[in-house]
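Shown here: structure-v3.pdb, PDB, C-alpha atoms.
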```pdb
ATOM      1  CA  MET A 130       0.574  -2.327   7.151  1.00  0.00           C
ATOM      2  CA  PHE A 131      -2.552  -1.030   5.418  1.00  0.00           C
ATOM      3  CA  ASN A 132      -4.945   1.321   7.199  1.00  0.00           C
ATOM      4  CA  LEU A 133      -8.559   0.329   6.560  1.00  0.00           C
ATOM      5  CA  LEU A 134     -11.499   2.551   7.466  1.00  0.00           C
ATOM      6  CA  VAL A 135     -14.784   0.744   8.193  1.00  0.00           C
ATOM      7  CA  VAL A 136     -17.861   2.978   8.091  1.00  0.00           C
ATOM      8  CA  GLU A 137     -20.823   1.018   9.501  1.00  0.00           C
ATOM      9  CA  ASP A 138     -23.727   2.193  11.683  1.00  0.00           C
ATOM     10  CA  ASP A 139     -24.418  -1.223  13.260  1.00  0.00           C
ATOM     11  CA  PRO A 140     -21.969  -1.559  16.202  1.00  0.00           C
ATOM     12  CA  HIS A 141     -22.065  -5.378  16.111  1.00  0.00           C
ATOM     13  CA  VAL A 142     -21.266  -5.579  12.395  1.00  0.00           C
ATOM     14  CA  ARG A 143     -18.628  -2.869  12.851  1.00  0.00           C
ATOM     15  CA  SER A 144     -16.928  -4.849  15.620  1.00  0.00           C
ATOM     16  CA  LEU A 145     -17.108  -8.065  13.595  1.00  0.00           C
ATOM     17  CA  ILE A 146     -15.480  -6.519  10.528  1.00  0.00           C
ATOM     18  CA  LYS A 147     -12.779  -4.915  12.667  1.00  0.00           C
ATOM     19  CA  ALA A 148     -11.999  -8.261  14.328  1.00  0.00           C
ATOM     20  CA  ILE A 149     -11.771 -10.069  10.963  1.00  0.00           C
ATOM     21  CA  LEU A 150      -9.475  -7.469   9.439  1.00  0.00           C
ATOM     22  CA  THR A 151      -7.322  -7.017  12.548  1.00  0.00           C
ATOM     23  CA  ASP A 152      -6.731 -10.775  12.726  1.00  0.00           C
ATOM     24  CA  GLU A 153      -5.321 -10.559   9.190  1.00  0.00           C
ATOM     25  CA  GLY A 154      -2.846  -7.854  10.189  1.00  0.00           C
ATOM     26  CA  TYR A 155      -4.671  -4.748   8.943  1.00  0.00           C
ATOM     27  CA  ASN A 156      -4.798  -1.571  11.029  1.00  0.00           C
ATOM     28  CA  CYS A 157      -8.553  -1.105  11.249  1.00  0.00           C
ATOM     29  CA  ILE A 158     -10.173   2.264  12.039  1.00  0.00           C
ATOM     30  CA  THR A 159     -13.953   2.432  12.557  1.00  0.00           C
ATOM     31  CA  ALA A 160     -16.613   5.128  12.218  1.00  0.00           C
ATOM     32  CA  SER A 161     -20.371   5.034  12.689  1.00  0.00           C
ATOM     33  CA  ASP A 162     -21.311   7.126   9.637  1.00  0.00           C
ATOM     34  CA  GLY A 163     -19.980   9.047   6.654  1.00  0.00           C
ATOM     35  CA  ILE A 164     -19.561  12.347   8.481  1.00  0.00           C
ATOM     36  CA  ASP A 165     -16.954  10.749  10.751  1.00  0.00           C
ATOM     37  CA  GLY A 166     -15.616   8.447   8.111  1.00  0.00           C
ATOM     38  CA  PHE A 167     -13.302  10.257   5.688  1.00  0.00           C
ATOM     39  CA  ALA A 168      -9.923   8.477   5.656  1.00  0.00           C
ATOM     40  CA  ILE A 169      -7.592   6.247   3.647  1.00  0.00           C
ATOM     41  CA  LEU A 170      -9.644   3.287   2.446  1.00  0.00           C
ATOM     42  CA  ALA A 171     -13.345   2.744   2.939  1.00  0.00           C
ATOM     43  CA  ILE A 172     -15.561  -0.275   3.492  1.00  0.00           C
ATOM     44  CA  VAL A 173     -18.902   1.511   3.482  1.00  0.00           C
ATOM     45  CA  ASP A 174     -22.395   0.539   4.603  1.00  0.00           C
ATOM     46  CA  ILE A 175     -24.934   1.982   2.145  1.00  0.00           C
ATOM     47  CA  MET A 176     -27.785   2.742   4.572  1.00  0.00           C
ATOM     48  CA  MET A 177     -26.304   5.009   7.270  1.00  0.00           C
ATOM     49  CA  PRO A 178     -27.660   8.014   9.200  1.00  0.00           C
ATOM     50  CA  ARG A 179     -26.563  11.602   8.473  1.00  0.00           C
ATOM     51  CA  MET A 180     -24.546  10.597   5.355  1.00  0.00           C
ATOM     52  CA  ASP A 181     -25.224   7.330   3.538  1.00  0.00           C
ATOM     53  CA  GLY A 182     -22.716   5.276   1.560  1.00  0.00           C
ATOM     54  CA  TYR A 183     -23.698   6.794  -1.774  1.00  0.00           C
ATOM     55  CA  GLU A 184     -23.221  10.373  -0.582  1.00  0.00           C
ATOM     56  CA  PHE A 185     -19.995   9.430   1.217  1.00  0.00           C
ATOM     57  CA  THR A 186     -18.575   7.889  -1.961  1.00  0.00           C
ATOM     58  CA  LYS A 187     -19.743  10.723  -4.209  1.00  0.00           C
ATOM     59  CA  THR A 188     -18.182  13.303  -1.867  1.00  0.00           C
ATOM     60  CA  LEU A 189     -14.840  11.499  -2.021  1.00  0.00           C
ATOM     61  CA  ARG A 190     -14.930  11.184  -5.816  1.00  0.00           C
ATOM     62  CA  ASP A 191     -16.029  14.811  -6.285  1.00  0.00           C
ATOM     63  CA  GLY A 192     -12.985  15.767  -4.237  1.00  0.00           C
ATOM     64  CA  LYS A 193     -10.761  13.802  -6.646  1.00  0.00           C
ATOM     65  CA  CYS A 194     -10.050  11.159  -3.984  1.00  0.00           C
ATOM     66  CA  GLU A 195      -9.344   7.842  -5.701  1.00  0.00           C
ATOM     67  CA  ILE A 196      -9.069   5.513  -2.691  1.00  0.00           C
ATOM     68  CA  PRO A 197     -10.672   2.085  -3.305  1.00  0.00           C
ATOM     69  CA  ILE A 198     -14.161   1.705  -1.823  1.00  0.00           C
ATOM     70  CA  LEU A 199     -16.071  -1.502  -1.003  1.00  0.00           C
ATOM     71  CA  MET A 200     -19.799  -1.107  -0.291  1.00  0.00           C
ATOM     72  CA  LEU A 201     -21.586  -3.416   2.138  1.00  0.00           C
ATOM     73  CA  THR A 202     -25.284  -3.733   1.492  1.00  0.00           C
ATOM     74  CA  ALA A 203     -28.278  -5.836   2.452  1.00  0.00           C
ATOM     75  CA  LYS A 204     -29.910  -4.860  -0.851  1.00  0.00           C
ATOM     76  CA  ILE A 205     -28.244  -5.589  -4.141  1.00  0.00           C
ATOM     77  CA  SER A 206     -30.686  -4.876  -6.963  1.00  0.00           C
ATOM     78  CA  HIS A 207     -29.524  -3.845 -10.408  1.00  0.00           C
ATOM     79  CA  GLU A 208     -30.472  -0.237  -9.632  1.00  0.00           C
ATOM     80  CA  ASP A 209     -28.531  -0.311  -6.349  1.00  0.00           C
ATOM     81  CA  LYS A 210     -25.422  -1.527  -8.148  1.00  0.00           C
ATOM     82  CA  LYS A 211     -25.898   1.013 -10.929  1.00  0.00           C
ATOM     83  CA  LYS A 212     -26.212   3.871  -8.447  1.00  0.00           C
ATOM     84  CA  GLY A 213     -23.167   2.659  -6.503  1.00  0.00           C
ATOM     85  CA  PHE A 214     -20.938   2.404  -9.565  1.00  0.00           C
ATOM     86  CA  GLU A 215     -22.207   5.741 -10.891  1.00  0.00           C
ATOM     87  CA  VAL A 216     -21.088   7.551  -7.721  1.00  0.00           C
ATOM     88  CA  GLY A 217     -17.725   5.793  -7.835  1.00  0.00           C
ATOM     89  CA  THR A 218     -17.641   2.649  -5.696  1.00  0.00           C
ATOM     90  CA  ASP A 219     -15.217  -0.112  -6.722  1.00  0.00           C
ATOM     91  CA  ASP A 220     -16.989  -3.229  -5.463  1.00  0.00           C
ATOM     92  CA  PHE A 221     -19.992  -4.573  -3.530  1.00  0.00           C
ATOM     93  CA  LEU A 222     -20.411  -7.207  -0.816  1.00  0.00           C
ATOM     94  CA  THR A 223     -23.861  -8.381   0.263  1.00  0.00           C
ATOM     95  CA  LYS A 224     -24.835  -8.822   3.919  1.00  0.00           C
ATOM     96  CA  PRO A 225     -24.658 -11.276   5.575  1.00  0.00           C
ATOM     97  CA  PHE A 226     -21.143 -11.784   4.219  1.00  0.00           C
ATOM     98  CA  ASP A 227     -18.591 -14.565   4.419  1.00  0.00           C
ATOM     99  CA  ASP A 228     -15.429 -13.671   6.378  1.00  0.00           C
ATOM    100  CA  GLU A 229     -13.106 -15.027   3.714  1.00  0.00           C
ATOM    101  CA  GLU A 230     -14.914 -13.253   0.894  1.00  0.00           C
ATOM    102  CA  LEU A 231     -14.569  -9.946   2.755  1.00  0.00           C
ATOM    103  CA  LEU A 232     -10.798 -10.504   2.991  1.00  0.00           C
ATOM    104  CA  TRP A 233     -10.548 -11.590  -0.669  1.00  0.00           C
ATOM    105  CA  ARG A 234     -12.315  -8.460  -1.855  1.00  0.00           C
ATOM    106  CA  VAL A 235     -10.244  -6.145   0.363  1.00  0.00           C
ATOM    107  CA  GLU A 236      -7.019  -7.772  -0.855  1.00  0.00           C
ATOM    108  CA  ALA A 237      -8.148  -7.484  -4.492  1.00  0.00           C
ATOM    109  CA  LEU A 238      -8.988  -3.786  -4.079  1.00  0.00           C
ATOM    110  CA  LEU A 239      -5.641  -3.058  -2.436  1.00  0.00           C
ATOM    111  CA  ARG A 240      -3.774  -4.967  -5.144  1.00  0.00           C
ATOM    112  CA  ARG A 241      -5.549  -3.128  -7.966  1.00  0.00           C
ATOM    113  CA  SER A 242      -5.087   0.208  -6.193  1.00  0.00           C
ATOM    114  CA  LYS A 243      -1.353  -0.449  -5.889  1.00  0.00           C
ATOM    115  CA  ILE A 244      -1.153  -1.373  -9.572  1.00  0.00           C
ATOM    116  CA  ALA A 245      -3.091   1.764 -10.574  1.00  0.00           C
ATOM    117  CA  THR A 246      -0.823   3.971  -8.465  1.00  0.00           C
ATOM    118  CA  GLU A 247       2.520   2.466  -9.406  1.00  0.00           C
ATOM    119  CA  LYS A 248       1.483   1.304 -12.903  1.00  0.00           C
ATOM    120  CA  LYS A 249       3.678  -1.708 -12.353  1.00  0.00           C
ATOM    121  CA  ILE A 250       2.996  -5.413 -11.774  1.00  0.00           C
ATOM    122  CA  THR A 251       5.501  -7.871 -10.350  1.00  0.00           C
ATOM    123  CA  VAL A 252       4.714 -11.592 -10.359  1.00  0.00           C
ATOM    124  CA  GLY A 253       7.665 -13.628  -9.182  1.00  0.00           C
ATOM    125  CA  SER A 254      10.582 -12.702 -11.410  1.00  0.00           C
ATOM    126  CA  THR A 255       8.322 -11.082 -14.036  1.00  0.00           C
ATOM    127  CA  THR A 256       7.745  -7.305 -14.026  1.00  0.00           C
ATOM    128  CA  LEU A 257       5.452  -5.291 -16.295  1.00  0.00           C
ATOM    129  CA  ASP A 258       6.022  -1.529 -16.321  1.00  0.00           C
ATOM    130  CA  TYR A 259       3.088   0.369 -17.823  1.00  0.00           C
ATOM    131  CA  ALA A 260       4.994   3.653 -18.068  1.00  0.00           C
ATOM    132  CA  SER A 261       7.554   2.179 -20.462  1.00  0.00           C
ATOM    133  CA  MET A 262       5.275  -0.588 -21.830  1.00  0.00           C
ATOM    134  CA  SER A 263       8.074  -3.042 -21.058  1.00  0.00           C
ATOM    135  CA  ALA A 264       8.242  -6.575 -19.683  1.00  0.00           C
ATOM    136  CA  THR A 265      11.262  -8.124 -17.968  1.00  0.00           C
ATOM    137  CA  VAL A 266      11.993 -11.555 -16.514  1.00  0.00           C
ATOM    138  CA  ASP A 267      14.903 -11.699 -14.071  1.00  0.00           C
ATOM    139  CA  GLY A 268      15.841  -8.251 -15.340  1.00  0.00           C
ATOM    140  CA  LYS A 269      16.002  -9.390 -18.975  1.00  0.00           C
ATOM    141  CA  LEU A 270      13.764  -7.601 -21.468  1.00  0.00           C
ATOM    142  CA  VAL A 271      11.019  -9.586 -23.203  1.00  0.00           C
ATOM    143  CA  THR A 272       9.948  -7.908 -26.441  1.00  0.00           C
ATOM    144  CA  LEU A 273       6.181  -7.406 -26.637  1.00  0.00           C
ATOM    145  CA  THR A 274       3.986  -5.508 -29.071  1.00  0.00           C
ATOM    146  CA  PRO A 275       1.777  -2.813 -27.464  1.00  0.00           C
ATOM    147  CA  LYS A 276      -1.315  -5.049 -27.722  1.00  0.00           C
ATOM    148  CA  GLU A 277       0.527  -8.036 -26.249  1.00  0.00           C
ATOM    149  CA  PHE A 278       1.682  -5.867 -23.354  1.00  0.00           C
ATOM    150  CA  LEU A 279      -1.801  -4.454 -22.685  1.00  0.00           C
ATOM    151  CA  LEU A 280      -3.335  -7.916 -22.834  1.00  0.00           C
ATOM    152  CA  LEU A 281      -0.825  -9.400 -20.389  1.00  0.00           C
ATOM    153  CA  PHE A 282      -1.090  -6.377 -18.074  1.00  0.00           C
ATOM    154  CA  LYS A 283      -4.861  -6.804 -18.010  1.00  0.00           C
ATOM    155  CA  LEU A 284      -4.689 -10.513 -17.206  1.00  0.00           C
ATOM    156  CA  LEU A 285      -2.043 -10.163 -14.488  1.00  0.00           C
ATOM    157  CA  SER A 286      -3.971  -7.286 -12.899  1.00  0.00           C
ATOM    158  CA  TYR A 287      -6.865  -9.677 -12.222  1.00  0.00           C
ATOM    159  CA  PRO A 288      -5.390 -13.110 -11.407  1.00  0.00           C
ATOM    160  CA  ASN A 289      -7.825 -16.050 -11.397  1.00  0.00           C
ATOM    161  CA  GLN A 290     -10.530 -13.946 -13.058  1.00  0.00           C
ATOM    162  CA  LEU A 291     -12.287 -15.065 -16.220  1.00  0.00           C
ATOM    163  CA  PHE A 292     -12.632 -12.693 -19.183  1.00  0.00           C
ATOM    164  CA  THR A 293     -14.549 -13.305 -22.391  1.00  0.00           C
ATOM    165  CA  LYS A 294     -12.974 -12.555 -25.746  1.00  0.00           C
ATOM    166  CA  TYR A 295     -15.542  -9.802 -26.233  1.00  0.00           C
ATOM    167  CA  GLN A 296     -14.551  -8.119 -22.963  1.00  0.00           C
ATOM    168  CA  ILE A 297     -10.913  -8.155 -24.006  1.00  0.00           C
ATOM    169  CA  MET A 298     -11.706  -6.928 -27.513  1.00  0.00           C
ATOM    170  CA  ASP A 299     -13.795  -4.059 -26.116  1.00  0.00           C
ATOM    171  CA  GLU A 300     -11.093  -2.862 -23.726  1.00  0.00           C
ATOM    172  CA  ILE A 301      -7.890  -3.441 -25.704  1.00  0.00           C
ATOM    173  CA  TRP A 302      -8.979  -3.306 -29.347  1.00  0.00           C
ATOM    174  CA  ASP A 303     -12.247  -1.364 -29.042  1.00  0.00           C
ATOM    175  CA  PHE A 304     -15.387  -2.708 -30.688  1.00  0.00           C
ATOM    176  CA  ASP A 305     -14.952  -0.310 -33.600  1.00  0.00           C
ATOM    177  CA  THR A 306     -11.816  -2.140 -34.739  1.00  0.00           C
ATOM    178  CA  GLU A 307     -11.901  -4.313 -37.853  1.00  0.00           C
ATOM    179  CA  SER A 308     -10.180  -7.115 -35.909  1.00  0.00           C
ATOM    180  CA  ASP A 309     -12.289 -10.050 -34.746  1.00  0.00           C
ATOM    181  CA  GLU A 310     -12.157 -12.316 -31.691  1.00  0.00           C
ATOM    182  CA  HIS A 311      -9.626 -14.570 -33.419  1.00  0.00           C
ATOM    183  CA  THR A 312      -7.134 -11.750 -32.833  1.00  0.00           C
ATOM    184  CA  VAL A 313      -7.348 -12.406 -29.086  1.00  0.00           C
ATOM    185  CA  GLU A 314      -6.476 -16.077 -29.619  1.00  0.00           C
ATOM    186  CA  VAL A 315      -3.488 -15.122 -31.775  1.00  0.00           C
ATOM    187  CA  HIS A 316      -2.143 -12.732 -29.133  1.00  0.00           C
ATOM    188  CA  ILE A 317      -2.688 -15.242 -26.319  1.00  0.00           C
ATOM    189  CA  ASN A 318      -0.728 -17.850 -28.292  1.00  0.00           C
ATOM    190  CA  ARG A 319       2.087 -15.368 -28.867  1.00  0.00           C
ATOM    191  CA  LEU A 320       2.253 -14.601 -25.142  1.00  0.00           C
ATOM    192  CA  ARG A 321       2.323 -18.302 -24.309  1.00  0.00           C
ATOM    193  CA  GLU A 322       5.207 -18.795 -26.715  1.00  0.00           C
ATOM    194  CA  LYS A 323       7.183 -15.829 -25.380  1.00  0.00           C
ATOM    195  CA  PHE A 324       6.704 -16.927 -21.771  1.00  0.00           C
ATOM    196  CA  LYS A 325       6.702 -20.707 -22.305  1.00  0.00           C
ATOM    197  CA  ASN A 326       9.600 -21.237 -19.879  1.00  0.00           C
ATOM    198  CA  ASN A 327       8.187 -18.851 -17.297  1.00  0.00           C
ATOM    199  CA  SER A 328       6.738 -20.446 -14.149  1.00  0.00           C
ATOM    200  CA  ASP A 329       5.503 -17.147 -12.629  1.00  0.00           C
ATOM    201  CA  PHE A 330       2.068 -17.322 -14.266  1.00  0.00           C
ATOM    202  CA  TYR A 331      -0.075 -19.430 -16.575  1.00  0.00           C
ATOM    203  CA  ILE A 332      -2.701 -18.227 -19.047  1.00  0.00           C
ATOM    204  CA  LYS A 333      -5.590 -20.683 -19.127  1.00  0.00           C
ATOM    205  CA  THR A 334      -8.284 -20.850 -21.820  1.00  0.00           C
ATOM    206  CA  ILE A 335     -11.714 -22.185 -20.866  1.00  0.00           C
TER     207      ILE A 335
END
```
Spit out the file's structure as C-alpha cells when you get a sec.
Amino acid sequence: MFNLLVVEDDPHVRSLIKAILTDEGYNCITASDGIDGFAILAIVDIMMPRMDGYEFTKTLRDGKCEIPILMLTAKISHEDKKKGFEVGTDDFLTKPFDDEELLWRVEALLRRSKIATEKKITVGSTTLDYASMSATVDGKLVTLTPKEFLLLFKLLSYPNQLFTKYQIMDEIWDFDTESDEHTVEVHINRLREKFKNNSDFYIKTI
C-alpha cells in the first residue's frame, strides 16, 4: 500500500481528496500546510499559509528528496507552471479537478517513480532492465541496440502517451546529431519486427 501525503489548507478539499484516495486503497495522510507536511509523497496546494507549495517543493528538492510531487492549483498560467517546474514539481492538476484525473495522475507519478528507482520496467512477460540495457521476454533475451533499448524504455515508461519525432530525437539522439527524424521511424520498425509476436504492448504511429 502506498502512503500519500495531501497538503491542502482548505479542510473540505482536503477531506474530499482523502476520501477519493482512500476509496482506491491508498493510505492517505493529511496536513494543512507545508510546515506540517513533510512525508513520503506529496499532493500539494500552491497557495497555503506559513509555507506555500513552491517553498515546500523547493525545500524537499534542496534536501535531495526525490519523492514525486503533484501540485494542485486554481491558477495555471505559463509563469505558474514555469515556477513550479523550476522548484521541482512533477505534475500539475487544476482546481476544480475531476476525481478520475486525480487518480490517473497519482498512479502515473507512482509508476514513474518506481521505474526511476528500480530502473526496470515489466509489462506482462516483457522486462526492460536499464542497468544492463537488456530486454527479456519470458526470460529469453531479445537483442537490442542501445538506441532501440532507450526508445522502447521511453515509450513503455509513459504508456498511452503521444510523443513527436522531435521529442524523441531531442531526448535519445540529441538535436546536435546528424541523424534526422527518419531515424526514429527506422528504429520503431525494428522494434516492431523484434517484438512482432509479443502481445504485451503495441507501438502505435499517429
Q: Please provide as a list of chain:residue names all residues within 12 Å of Ile297 (chain A), with the sequence filter that same-chain residues fewer than 6 positions apart are discarded (counting all atoms listed in the file).
A: A:Lys276, A:Glu277, A:Leu279, A:Leu280, A:Leu281, A:Phe282, A:Lys283, A:Leu284, A:Leu291, A:Asp303, A:Phe304, A:Ser308, A:Asp309, A:Glu310, A:His311, A:Thr312, A:Val313, A:Glu314, A:His316, A:Ile317
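Distance-wise, CA of Asp228 (chain A) and CA of Arg179 (chain A) end up 27.7 Å apart.
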Q: May I ask which of the residues A:Glu137, A:Asp191, A:Glu247, A:Glu215 is the closest one to Thr159 (chain A), counting only C-alpha atoms?
A: A:Glu137
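For the residues A:His207, A:Thr272, A:Arg319, A:Arg240, ranking by smallest atom-to-atom distance to Ser286 (chain A) using all atoms listed in the file places A:Arg240 first.
For the set A:Ala160, A:Ile250, A:Leu270, A:Ile335, the residue with the smallest atom-to-atom gap to Phe292 (chain A) is A:Ile335, counting only C-alpha atoms.
Comparing A:Tyr287, A:Phe221, A:Phe278, A:Tyr295 by their smallest distance to Arg234 (chain A), the closest is A:Phe221 (using only C-alpha atoms).
For the atom pair formed by CA of Glu184 (chain A) and CA of Met200 (chain A), the distance is 12.0 Å, given to one decimal.
CA of Lys323 (chain A) to CA of Thr265 (chain A) spans 11.4 Å [interatomic distance, one decimal].
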Return as AutoDock Vina command-line options the box centre and box size in Å, one decimal, for an axis-aligned box around all listed atoms of region 151-156 of chain A padded by 5 Å per side.
```
--center_x -5.1 --center_y -6.2 --center_z 10.8 --size_x 14.5 --size_y 19.2 --size_z 13.8
```
